[in-house]
file entry14.tsv (TSV, C-alpha atoms)
chain	number	residue	atom	x	y	z
X	1	MET	CA	0.00	0.00	0.00
X	2	VAL	CA	1.83	3.03	-1.28
X	3	SER	CA	0.42	5.33	1.40
X	4	ARG	CA	1.19	3.04	4.35
X	5	VAL	CA	4.23	2.00	6.31
X	6	THR	CA	5.55	-1.55	6.39
X	7	ASP	CA	4.22	-2.03	9.93
X	8	ASP	CA	0.72	-2.03	8.47
X	9	TYR	CA	1.56	-5.09	6.33
X	10	ILE	CA	2.89	-6.83	9.44
X	11	ASP	CA	-0.24	-5.99	11.41
X	12	MET	CA	-2.50	-7.23	8.59
X	13	VAL	CA	-0.69	-10.55	8.32
X	14	THR	CA	-0.76	-10.93	12.09
X	15	ALA	CA	-4.52	-10.31	12.10
X	16	GLY	CA	-5.04	-13.06	9.52
X	17	CYS	CA	-5.45	-11.05	6.32
X	18	GLN	CA	-4.94	-13.32	3.33
X	19	ALA	CA	-4.38	-10.74	0.57
X	20	VAL	CA	-4.41	-7.03	-0.09
X	21	CYS	CA	-6.20	-5.39	-3.03
X	22	GLU	CA	-4.96	-1.88	-3.72
X	23	PRO	CA	-6.76	0.34	-6.23
X	24	ALA	CA	-5.08	3.17	-8.07
X	25	PHE	CA	-6.16	6.35	-6.33
X	26	TRP	CA	-5.32	9.96	-5.67
X	27	ALA	CA	-1.83	10.63	-4.35
X	28	GLY	CA	-2.97	13.46	-2.08
X	29	PHE	CA	-1.88	15.90	-4.80
X	30	ASP	CA	-2.44	16.13	-8.56
X	31	ARG	CA	0.23	14.49	-10.66
X	32	SER	CA	1.54	16.83	-13.32
X	33	SER	CA	1.95	14.47	-16.26
X	34	VAL	CA	1.39	10.99	-17.60
X	35	ASP	CA	4.95	10.13	-16.58
X	36	GLY	CA	3.93	10.39	-12.93
X	37	PHE	CA	1.25	7.78	-13.55
X	38	PHE	CA	3.64	5.52	-15.45
X	39	ASP	CA	5.89	5.41	-12.38
X	40	TYR	CA	2.88	4.98	-10.09
X	41	PHE	CA	1.62	2.01	-12.12
X	42	ARG	CA	5.10	0.47	-11.92
X	43	GLN	CA	5.04	0.97	-8.17
X	44	LEU	CA	1.62	-0.72	-7.94
X	45	THR	CA	2.43	-3.64	-10.22
X	46	GLU	CA	6.12	-4.27	-9.50
X	47	HIS	CA	7.29	-2.77	-6.22
X	48	GLU	CA	4.30	-3.18	-3.89
X	49	PRO	CA	3.78	-6.90	-4.65
X	50	LYS	CA	7.41	-7.46	-3.66
X	51	ARG	CA	7.09	-5.36	-0.50
X	52	ALA	CA	3.95	-7.22	0.60
X	53	ALA	CA	5.45	-10.60	-0.34
X	54	LYS	CA	8.19	-10.09	2.22
X	55	PHE	CA	5.46	-10.65	4.82
X	56	GLY	CA	3.66	-13.46	3.02
X	57	LEU	CA	0.85	-11.19	1.86
X	58	PRO	CA	-0.30	-11.58	-1.78
X	59	HIS	CA	-0.80	-8.12	-3.33
X	60	PHE	CA	-3.30	-7.37	-6.13
X	61	THR	CA	-4.06	-4.06	-7.78
X	62	TRP	CA	-6.42	-2.09	-10.03
X	63	LEU	CA	-5.44	0.62	-12.51
X	64	CYS	CA	-6.99	3.91	-13.59
X	65	ILE	CA	-6.78	7.65	-13.19
X	66	ASN	CA	-8.72	8.49	-10.03
X	67	PRO	CA	-11.85	10.67	-10.38
X	68	LYS	CA	-10.16	13.41	-8.34
X	69	GLU	CA	-7.75	13.89	-11.25
X	70	SER	CA	-10.36	13.45	-13.98
X	71	GLU	CA	-11.23	17.09	-14.50
X	72	ASP	CA	-8.27	17.30	-16.89
X	73	VAL	CA	-9.60	15.17	-19.76
X	74	LYS	CA	-6.39	15.43	-21.83
X	75	LEU	CA	-4.32	14.10	-18.92
X	76	ALA	CA	-6.89	11.35	-18.44
X	77	GLU	CA	-6.65	10.36	-22.12
X	78	ASP	CA	-2.86	10.21	-21.82
X	79	VAL	CA	-3.07	8.05	-18.69
X	80	LEU	CA	-5.64	5.73	-20.25
X	81	SER	CA	-3.31	5.27	-23.22
X	82	ILE	CA	-0.63	3.68	-21.02
X	83	ILE	CA	-2.90	1.42	-18.93
X	84	PRO	CA	-3.03	-1.42	-21.54
X	85	LYS	CA	0.74	-1.82	-21.14
X	86	PHE	CA	0.11	-2.90	-17.54
X	87	LEU	CA	-3.07	-4.97	-17.85
X	88	ASP	CA	-1.16	-8.20	-18.46
X	89	LYS	CA	0.83	-7.87	-15.24
X	90	PRO	CA	0.07	-10.87	-13.01
X	91	SER	CA	-1.36	-8.87	-10.11
X	92	VAL	CA	-3.70	-6.54	-12.04
X	93	LEU	CA	-7.34	-7.49	-11.43
X	94	GLY	CA	-9.09	-4.79	-13.39
X	95	ILE	CA	-9.92	-1.12	-13.85
X	96	GLY	CA	-10.38	0.90	-10.66
X	97	GLU	CA	-11.12	2.75	-8.65
X	98	ILE	CA	-12.95	4.68	-11.31
X	99	GLY	CA	-16.10	6.69	-10.72
X	100	LEU	CA	-16.94	10.24	-9.76
X	101	ASN	CA	-15.80	12.75	-7.15
X	102	LYS	CA	-17.72	16.01	-7.62
X	103	ASN	CA	-20.07	14.66	-10.31
X	104	SER	CA	-18.82	16.96	-13.07
X	105	ARG	CA	-19.22	16.58	-16.83
X	106	ASN	CA	-15.52	15.90	-17.34
X	107	GLU	CA	-15.52	13.28	-14.59
X	108	MET	CA	-18.43	11.62	-16.41
X	109	LYS	CA	-16.47	11.64	-19.70
X	110	VAL	CA	-13.47	10.03	-18.06
X	111	LEU	CA	-15.65	7.46	-16.31
X	112	GLU	CA	-17.16	6.49	-19.66
X	113	MET	CA	-13.67	6.17	-21.15
X	114	HIS	CA	-12.66	3.81	-18.34
X	115	VAL	CA	-15.82	1.74	-18.69
X	116	ASP	CA	-15.13	1.42	-22.41
X	117	MET	CA	-11.60	0.24	-21.68
X	118	ALA	CA	-12.82	-2.32	-19.15
X	119	ALA	CA	-15.28	-3.66	-21.70
X	120	LYS	CA	-12.70	-3.81	-24.51
X	121	TYR	CA	-10.17	-5.65	-22.36
X	122	ASN	CA	-12.73	-7.74	-20.44
X	123	GLN	CA	-11.64	-6.40	-17.05
X	124	LEU	CA	-13.40	-6.38	-13.70
X	125	ILE	CA	-14.46	-2.91	-12.54
X	126	LEU	CA	-13.98	-1.32	-9.11
X	127	VAL	CA	-15.97	1.88	-8.65
X	128	HIS	CA	-15.34	4.76	-6.23
X	129	THR	CA	-18.48	6.67	-5.26
X	130	PRO	CA	-18.24	10.30	-4.15
X	131	HIS	CA	-18.13	11.27	-0.51
X	132	LEU	CA	-20.69	12.86	1.79
X	133	GLU	CA	-23.25	15.14	0.12
X	134	ASP	CA	-22.13	14.09	-3.37
X	135	LYS	CA	-22.55	10.32	-2.87
X	136	LEU	CA	-26.27	9.95	-3.62
X	137	LYS	CA	-26.17	11.82	-6.91
X	138	GLY	CA	-22.83	10.31	-7.92
X	139	THR	CA	-23.95	6.77	-7.26
X	140	ARG	CA	-27.05	7.31	-9.42
X	141	LEU	CA	-24.96	8.76	-12.25
X	142	ILE	CA	-22.43	5.93	-12.06
X	143	ILE	CA	-25.13	3.27	-12.19
X	144	ASP	CA	-26.63	5.02	-15.23
X	145	VAL	CA	-23.25	4.95	-17.02
X	146	LEU	CA	-22.64	1.27	-16.24
X	147	LYS	CA	-26.18	0.20	-17.15
X	148	SER	CA	-26.11	2.11	-20.42
X	149	ASP	CA	-23.17	0.05	-21.72
X	150	SER	CA	-24.58	-3.32	-22.78
X	151	ARG	CA	-21.11	-4.92	-22.64
X	152	ILE	CA	-20.89	-4.40	-18.87
X	153	ARG	CA	-22.14	-7.22	-16.66
X	154	PRO	CA	-23.15	-5.90	-13.22
X	155	GLU	CA	-21.90	-8.99	-11.41
X	156	ARG	CA	-18.37	-8.11	-12.63
X	157	CYS	CA	-18.51	-4.63	-11.06
X	158	ILE	CA	-18.20	-3.66	-7.43
X	159	ILE	CA	-19.51	-0.24	-6.44
X	160	ASP	CA	-17.62	0.82	-3.36
X	161	HIS	CA	-18.19	3.11	-0.38
X	162	VAL	CA	-21.93	2.42	-0.21
X	163	GLU	CA	-23.85	3.68	2.81
X	164	GLU	CA	-27.43	3.36	4.03
X	165	HIS	CA	-28.84	5.66	1.33
X	166	THR	CA	-27.06	4.04	-1.65
X	167	VAL	CA	-26.68	0.34	-0.90
X	168	GLU	CA	-30.17	-0.64	-2.01
X	169	MET	CA	-29.95	0.93	-5.48
X	170	VAL	CA	-26.57	-0.75	-6.07
X	171	LEU	CA	-27.75	-4.22	-5.04
X	172	ASN	CA	-31.08	-3.89	-6.86
X	173	GLU	CA	-29.24	-3.30	-10.14
X	174	GLY	CA	-27.22	-6.50	-9.70
X	175	PHE	CA	-23.86	-4.96	-8.78
X	176	TRP	CA	-21.65	-5.94	-5.88
X	177	ALA	CA	-21.55	-3.36	-3.10
X	178	GLY	CA	-18.51	-2.52	-0.99
X	179	MET	CA	-18.66	-0.89	2.43
X	180	THR	CA	-15.46	1.00	3.14
X	181	LEU	CA	-14.77	1.31	6.85
X	182	TYR	CA	-13.39	4.54	8.26
X	183	PRO	CA	-12.62	5.45	11.87
X	184	GLU	CA	-14.33	8.81	11.40
X	185	SER	CA	-16.56	10.76	8.99
X	186	LYS	CA	-17.93	7.81	6.97
X	187	CYS	CA	-19.14	4.21	7.42
X	188	THR	CA	-18.22	2.59	10.75
X	189	ALA	CA	-18.07	-1.12	11.50
X	190	ALA	CA	-21.30	-0.95	13.50
X	191	ARG	CA	-23.17	0.69	10.62
X	192	ALA	CA	-21.73	-1.74	8.09
X	193	ILE	CA	-23.06	-4.64	10.12
X	194	ASP	CA	-26.43	-2.88	10.41
X	195	ILE	CA	-26.47	-2.77	6.60
X	196	VAL	CA	-25.66	-6.49	6.39
X	197	GLU	CA	-28.42	-7.27	8.89
X	198	THR	CA	-30.85	-5.20	6.82
X	199	TYR	CA	-29.92	-6.26	3.28
X	200	GLY	CA	-28.31	-9.68	3.76
X	201	GLN	CA	-24.88	-10.87	2.73
X	202	GLN	CA	-25.37	-11.46	-0.97
X	203	ARG	CA	-22.98	-9.38	-3.11
X	204	LEU	CA	-21.80	-7.32	-0.13
X	205	TRP	CA	-18.30	-7.00	1.26
X	206	MET	CA	-16.31	-4.76	3.58
X	207	ASN	CA	-12.94	-3.17	3.03
X	208	SER	CA	-10.58	-1.09	5.15
X	209	ALA	CA	-9.80	2.46	4.07
X	210	CYS	CA	-5.99	2.60	3.86
X	211	ASP	CA	-5.22	5.95	2.32
X	212	TRP	CA	-3.44	9.20	3.13
X	213	GLY	CA	-6.13	10.31	5.56
X	214	VAL	CA	-7.08	8.96	8.96
X	215	SER	CA	-7.72	5.28	8.30
X	216	VAL	CA	-7.21	1.87	9.89
X	217	PRO	CA	-5.83	-1.07	7.87
X	218	LEU	CA	-7.31	-3.51	10.41
X	219	ALA	CA	-10.82	-2.08	10.12
X	220	VAL	CA	-12.17	-5.31	8.58
X	221	PRO	CA	-10.79	-7.59	11.34
X	222	TYR	CA	-12.23	-5.15	13.91
X	223	ALA	CA	-15.59	-5.34	12.14
X	224	ALA	CA	-15.40	-9.13	12.29
X	225	LEU	CA	-14.98	-8.81	16.07
X	226	GLU	CA	-18.00	-6.52	16.15
X	227	MET	CA	-20.05	-9.14	14.28
X	228	ARG	CA	-19.06	-11.76	16.84
X	229	LYS	CA	-20.07	-9.41	19.68
X	230	ARG	CA	-23.54	-9.28	18.12
X	231	GLY	CA	-23.74	-13.05	17.97
X	232	HIS	CA	-23.11	-13.63	14.27
X	233	THR	CA	-21.78	-17.12	13.61
X	234	ALA	CA	-18.23	-17.83	12.52
X	235	GLU	CA	-19.67	-18.94	9.17
X	236	ALA	CA	-21.47	-15.62	8.69
X	237	VAL	CA	-18.31	-13.67	9.51
X	238	ASP	CA	-16.27	-15.85	7.15
X	239	LYS	CA	-18.75	-15.35	4.31
X	240	LEU	CA	-18.73	-11.58	4.59
X	241	VAL	CA	-15.03	-10.91	5.14
X	242	TYR	CA	-13.50	-13.79	3.18
X	243	GLN	CA	-15.78	-15.87	0.95
X	244	ASN	CA	-17.59	-12.94	-0.65
X	245	PRO	CA	-14.41	-11.12	-1.72
X	246	ILE	CA	-13.01	-14.38	-3.06
X	247	LYS	CA	-16.20	-15.02	-5.03
X	248	PHE	CA	-16.07	-11.60	-6.69
X	249	LEU	CA	-12.33	-11.42	-7.23
X	250	SER	CA	-12.08	-14.97	-8.60
X	251	GLN	CA	-13.89	-13.72	-11.69
X	252	SER	CA	-10.39	-12.58	-12.63
X	253	PRO	CA	-8.30	-15.62	-13.55
X	254	LYS	CA	-5.32	-13.86	-11.97
X	255	PHE	CA	-6.81	-13.91	-8.48
X	256	LYS	CA	-5.50	-16.98	-6.71
X	257	LEU	CA	-4.64	-17.47	-3.04
I	1	MET	CA	-30.37	-9.51	19.10
I	2	THR	CA	-32.85	-8.37	21.73
I	3	ARG	CA	-33.29	-4.69	22.47
I	4	GLN	CA	-31.69	-5.29	25.86
I	5	GLN	CA	-28.62	-6.76	24.16
I	6	VAL	CA	-28.39	-3.82	21.75
I	7	LEU	CA	-28.64	-1.41	24.68
I	8	ASP	CA	-25.97	-3.30	26.59
I	9	LEU	CA	-23.62	-3.14	23.61
I	10	TYR	CA	-24.23	0.35	22.27
I	11	PHE	CA	-26.02	2.61	24.79
I	12	MET	CA	-22.93	4.12	26.39
I	13	GLU	CA	-21.34	4.89	23.02
I	14	ALA	CA	-24.56	6.44	21.68
I	15	ARG	CA	-25.01	8.43	24.90
I	16	ALA	CA	-21.52	9.87	24.55
I	17	ARG	CA	-22.16	10.84	20.93
I	18	LEU	CA	-25.48	12.44	21.85
I	19	ILE	CA	-23.75	14.61	24.45
I	20	ASP	CA	-21.06	15.46	21.88
I	21	ILE	CA	-23.79	16.71	19.53
I	22	GLY	CA	-25.32	18.83	22.29
I	23	ALA	CA	-21.91	20.25	23.13
I	24	PHE	CA	-21.25	20.98	19.45
I	25	ILE	CA	-24.50	22.94	19.11
I	26	ASP	CA	-23.71	24.82	22.36
I	27	ARG	CA	-20.28	25.66	20.92
I	28	ILE	CA	-21.82	26.96	17.71
I	29	GLU	CA	-24.34	29.05	19.62
I	30	ARG	CA	-21.65	30.52	21.90
I	31	ALA	CA	-19.53	31.54	18.94
I	32	THR	CA	-19.90	34.80	17.05
I	33	GLY	CA	-20.83	35.41	13.43
I	34	GLU	CA	-23.30	33.71	11.13
I	35	GLU	CA	-23.95	30.01	10.62
I	36	ASP	CA	-23.73	28.68	7.08
I	37	PHE	CA	-25.65	26.07	5.09
I	38	ARG	CA	-23.88	23.22	6.90
I	39	MET	CA	-25.58	24.04	10.18
I	40	LYS	CA	-28.94	24.37	8.46
I	41	GLY	CA	-28.38	20.91	6.98
I	42	PHE	CA	-27.31	19.61	10.37
I	43	ARG	CA	-30.48	20.89	12.04
I	44	ASN	CA	-32.62	19.43	9.24
I	45	ALA	CA	-30.88	16.09	9.70
I	46	LEU	CA	-31.39	16.19	13.46
I	47	SER	CA	-35.12	16.62	12.97
I	48	GLU	CA	-35.18	13.27	11.13
I	49	LEU	CA	-34.28	11.53	14.37
I	50	SER	CA	-37.43	12.57	16.18
I	51	LYS	CA	-39.89	11.45	13.51
I	52	GLY	CA	-40.32	7.95	14.89
I	53	GLU	CA	-39.93	6.33	11.47
I	54	PRO	CA	-37.49	3.53	10.59
I	55	GLY	CA	-34.37	4.10	8.47
I	56	LYS	CA	-33.09	7.06	10.47
I	57	ALA	CA	-29.47	6.77	9.31
I	58	ARG	CA	-30.67	6.62	5.69
I	59	ARG	CA	-32.93	9.63	6.12
I	60	VAL	CA	-30.17	11.65	7.82
I	61	LEU	CA	-27.87	10.88	4.89
I	62	LEU	CA	-30.56	11.78	2.36
I	63	SER	CA	-31.27	15.08	4.10
I	64	LEU	CA	-27.59	16.05	3.77
I	65	SER	CA	-27.31	14.92	0.13
I	66	ASP	CA	-27.37	16.80	-3.16
I	67	PRO	CA	-30.73	15.67	-4.63
I	68	THR	CA	-30.11	17.04	-8.16
I	69	LYS	CA	-29.58	14.72	-11.11
I	70	GLU	CA	-27.48	16.55	-13.72
I	71	PRO	CA	-23.65	16.63	-13.67
I	72	ILE	CA	-22.17	19.99	-12.67
I	73	ALA	CA	-20.34	22.04	-15.31
I	74	ALA	CA	-16.91	21.60	-13.73
I	75	ALA	CA	-15.33	20.50	-10.47
I	76	THR	CA	-13.82	23.53	-8.74
I	77	THR	CA	-12.76	21.71	-5.59
I	78	LYS	CA	-11.90	18.14	-4.65
I	79	ALA	CA	-13.32	17.94	-1.14
I	80	ALA	CA	-16.89	17.39	0.00
I	81	CYS	CA	-18.14	19.48	2.91
I	82	GLY	CA	-20.83	17.18	4.31
I	83	ALA	CA	-23.97	19.17	3.49
I	84	TRP	CA	-25.63	20.42	0.31
I	85	PRO	CA	-25.62	24.22	-0.02
I	86	GLY	CA	-29.01	24.21	-1.77
I	87	ALA	CA	-30.91	22.61	1.13
I	88	LYS	CA	-33.97	24.52	2.38

call {"tool": "encode", "arguments": {"input": "entry14.tsv", "output": "structure tokens"}}
result
Amino acid sequence: MVSRVTDDYIDMVTAGCQAVCEPAFWAGFDRSSVDGFFDYFRQLTEHEPKRAAKFGLPHFTWLCINPKESEDVKLAEDVLSIIPKFLDKPSVLGIGEIGLNKNSRNEMKVLEMHVDMAAKYNQLILVHTPHLEDKLKGTRLIIDVLKSDSRIRPERCIIDHVEEHTVEMVLNEGFWAGMTLYPESKCTAARAIDIVETYGQQRLWMNSACDWGVSVPLAVPYAALEMRKRGHTAEAVDKLVYQNPIKFLSQSPKFKL
Amino acid sequence: MTRQQVLDLYFMEARARLIDIGAFIDRIERATGEEDFRMKGFRNALSELSKGEPGKARRVLLSLSDPTKEPIAAATTKAACGAWPGAK
């Protein structure tokens, strides 16, 4: 994880994590050229797998230009032009995390370009939905884009960062839904389990936010503890935190544990 | 889970957060100057909690969300602020 220290890998392995899936995302600042992305994609596909492997942790990744950098359509076109060079790397699972940030027209254009690439190269799709007040509108727009492309199969897309007001529309359209756990400001473990208890476990998973902001790489193991506190069975915990991700990710032939 | 079990697990945490919200509103009201749209959104969201209907977390989130459907012309910032400026 490019934004985390090595201790986080050690903690994850110690807690029983079996693999890490790292999407391409914003670096905390805008990269100034396609060359910055070329190096970033090398870091994701070459360096990070080696760093994680030192601790016995398989590392997988997703490639894209993050929606936060999608306002510059020319830069996005340049970045998209280099992604095919990396798609055959053994740890690349698909295109992601694509999506929207502020729900702008240019972000929509770049999202459509990514969806087209995923369809052309038969890649899984990992979608970032906007934060806070922008999430509802952005999730609707993203679903519209994905549903309007007949080549896209919903069961091969996971729409991430769902919360109580967006999870139902995502599941109803046949997509997978991801609940990203944060220690503050967004979805907590307790709320994620509320969502599971309300909507069931089919096509739902949890993931730990591990970015440049305040985040906890062990958020998923902590959520598993929370499930046990509520009396969920070991089988139910295993399905949500382990079997469901494996089921989705195994649609890529490269995902093997 | 029974309601007693839920209370045993979560009451103290929820109580603490409730007091935090009260203290936050006190802090706002002690401060000088004008509130902005975020506080209006916050008060609207708070009112959802006293309606006695299910889905309170969902309705709080909806009340703080941008309900429009068309993409904006251009993104002028990267961050979200937590409330929609157009809320009434």

call {"tool": "interface_residues", "arguments": {"input": "entry14.tsv", "of": "chain I", "to": "chain X", "cutoff": "12 Å", "atoms": "only C-alpha atoms", "output": "MDAnalysis selection string"}}
result
chainID I and resid 1:10 13:14 38 41:42 54:87

call {"tool": "closest_residue", "arguments": {"input": "entry14.tsv", "among": "X:Lys89, X:Arg31, X:Arg203, X:Arg4", "to": "Ile246 in chain X", "atoms": "only C-alpha atoms"}}
result
X:Arg203

call {"tool": "atom_distance", "arguments": {"input": "entry14.tsv", "atom1": "CA of Val13 in chain X", "atom2": "CA of Ala52 in chain X"}}
result
9.6 Å

call {"tool": "atom_distance", "arguments": {"input": "entry14.tsv", "atom1": "CA of Pro84 in chain X", "atom2": "CA of Pro245 in chain X"}}
result
24.8 Å

call {"tool": "atom_distance", "arguments": {"input": "entry14.tsv", "atom1": "CA of Phe24 in chain I", "atom2": "CA of Arg43 in chain I"}}
result
11.8 Å

call {"tool": "closest_residue", "arguments": {"input": "entry14.tsv", "among": "X:Asp11, X:Asp78, X:Asp35, X:Glu235", "to": "Leu57 in chain X", "atoms": "only C-alpha atoms"}}
result
X:Asp11

call {"tool": "residues_around", "arguments": {"input": "entry14.tsv", "residues": "range 93-98 of chain X", "least_positions_apart": "2", "cutoff": "9 Å", "atoms": "all atoms listed in the file", "output": "PDB file with C-alpha atoms, in the coordinates of the input"}}
result
ATOM      1  CA  CYS X  21      -6.200  -5.390  -3.030  1.00  0.00           C
ATOM      2  CA  PRO X  23      -6.760   0.340  -6.230  1.00  0.00           C
ATOM      3  CA  ALA X  24      -5.080   3.170  -8.070  1.00  0.00           C
ATOM      4  CA  PHE X  25      -6.160   6.350  -6.330  1.00  0.00           C
ATOM      5  CA  PHE X  60      -3.300  -7.370  -6.130  1.00  0.00           C
ATOM      6  CA  THR X  61      -4.060  -4.060  -7.780  1.00  0.00           C
ATOM      7  CA  TRP X  62      -6.420  -2.090 -10.030  1.00  0.00           C
ATOM      8  CA  LEU X  63      -5.440   0.620 -12.510  1.00  0.00           C
ATOM      9  CA  CYS X  64      -6.990   3.910 -13.590  1.00  0.00           C
ATOM     10  CA  ILE X  65      -6.780   7.650 -13.190  1.00  0.00           C
ATOM     11  CA  ASN X  66      -8.720   8.490 -10.030  1.00  0.00           C
ATOM     12  CA  PRO X  67     -11.850  10.670 -10.380  1.00  0.00           C
ATOM     13  CA  LEU X  87      -3.070  -4.970 -17.850  1.00  0.00           C
ATOM     14  CA  PRO X  90       0.070 -10.870 -13.010  1.00  0.00           C
ATOM     15  CA  SER X  91      -1.360  -8.870 -10.110  1.00  0.00           C
ATOM     16  CA  LEU X 100     -16.940  10.240  -9.760  1.00  0.00           C
ATOM     17  CA  VAL X 110     -13.470  10.030 -18.060  1.00  0.00           C
ATOM     18  CA  LEU X 111     -15.650   7.460 -16.310  1.00  0.00           C
ATOM     19  CA  HIS X 114     -12.660   3.810 -18.340  1.00  0.00           C
ATOM     20  CA  VAL X 115     -15.820   1.740 -18.690  1.00  0.00           C
ATOM     21  CA  MET X 117     -11.600   0.240 -21.680  1.00  0.00           C
ATOM     22  CA  ALA X 118     -12.820  -2.320 -19.150  1.00  0.00           C
ATOM     23  CA  ASN X 122     -12.730  -7.740 -20.440  1.00  0.00           C
ATOM     24  CA  GLN X 123     -11.640  -6.400 -17.050  1.00  0.00           C
ATOM     25  CA  LEU X 124     -13.400  -6.380 -13.700  1.00  0.00           C
ATOM     26  CA  ILE X 125     -14.460  -2.910 -12.540  1.00  0.00           C
ATOM     27  CA  LEU X 126     -13.980  -1.320  -9.110  1.00  0.00           C
ATOM     28  CA  VAL X 127     -15.970   1.880  -8.650  1.00  0.00           C
ATOM     29  CA  HIS X 128     -15.340   4.760  -6.230  1.00  0.00           C
ATOM     30  CA  THR X 129     -18.480   6.670  -5.260  1.00  0.00           C
ATOM     31  CA  ASP X 160     -17.620   0.820  -3.360  1.00  0.00           C
ATOM     32  CA  LEU X 249     -12.330 -11.420  -7.230  1.00  0.00           C
ATOM     33  CA  SER X 252     -10.390 -12.580 -12.630  1.00  0.00           C
ATOM     34  CA  PRO X 253      -8.300 -15.620 -13.550  1.00  0.00           C
ATOM     35  CA  LYS X 254      -5.320 -13.860 -11.970  1.00  0.00           C
ATOM     36  CA  PHE X 255      -6.810 -13.910  -8.480  1.00  0.00           C
TER      37      PHE X 255
END

call {"tool": "closest_residue", "arguments": {"input": "entry14.tsv", "among": "X:Ala224, X:Leu240, X:Leu171, X:Ala189", "to": "Gln201 in chain X", "atoms": "only C-alpha atoms"}}
result
X:Leu240

call {"tool": "decode", "arguments": {"input": "entry14.tsv", "residues": "range 124-137 of chain X", "atoms": "N, CA and C atoms", "output": "compact mmCIF listing (two decimals), in the first residue's frame"}}
result
# COMPACT_ATOMS: atom_id res chain seq x y z
N LEU X 124 -12.51 -6.70 -14.81
CA LEU X 124 -13.40 -6.38 -13.70
C LEU X 124 -13.35 -4.87 -13.45
N ILE X 125 -14.39 -4.35 -12.81
CA ILE X 125 -14.46 -2.91 -12.54
C ILE X 125 -14.66 -2.67 -11.04
N LEU X 126 -13.84 -1.77 -10.51
CA LEU X 126 -13.98 -1.32 -9.11
C LEU X 126 -14.32 0.17 -9.15
N VAL X 127 -15.45 0.52 -8.54
CA VAL X 127 -15.97 1.88 -8.65
C VAL X 127 -15.87 2.62 -7.31
N HIS X 128 -15.35 3.83 -7.38
CA HIS X 128 -15.34 4.76 -6.23
C HIS X 128 -16.58 5.64 -6.33
N THR X 129 -17.36 5.72 -5.26
CA THR X 129 -18.48 6.67 -5.26
C THR X 129 -18.08 7.90 -4.46
N PRO X 130 -18.65 9.05 -4.81
CA PRO X 130 -18.24 10.30 -4.15
C PRO X 130 -18.54 10.26 -2.65
N HIS X 131 -17.96 11.21 -1.96
CA HIS X 131 -18.13 11.27 -0.51
C HIS X 131 -19.28 12.20 -0.13
N LEU X 132 -19.81 11.95 1.07
CA LEU X 132 -20.69 12.86 1.79
C LEU X 132 -21.87 13.33 0.93
N GLU X 133 -22.04 14.65 0.78
CA GLU X 133 -23.25 15.14 0.12
C GLU X 133 -23.30 14.79 -1.36
N ASP X 134 -22.17 14.40 -1.94
CA ASP X 134 -22.13 14.09 -3.37
C ASP X 134 -22.40 12.61 -3.67
N LYS X 135 -22.48 11.77 -2.64
CA LYS X 135 -22.55 10.32 -2.87
C LYS X 135 -23.86 9.89 -3.54
N LEU X 136 -24.97 10.39 -3.08
CA LEU X 136 -26.27 9.95 -3.62
C LEU X 136 -26.35 10.21 -5.12
N LYS X 137 -26.10 11.45 -5.50
CA LYS X 137 -26.17 11.82 -6.91
C LYS X 137 -25.12 11.06 -7.73
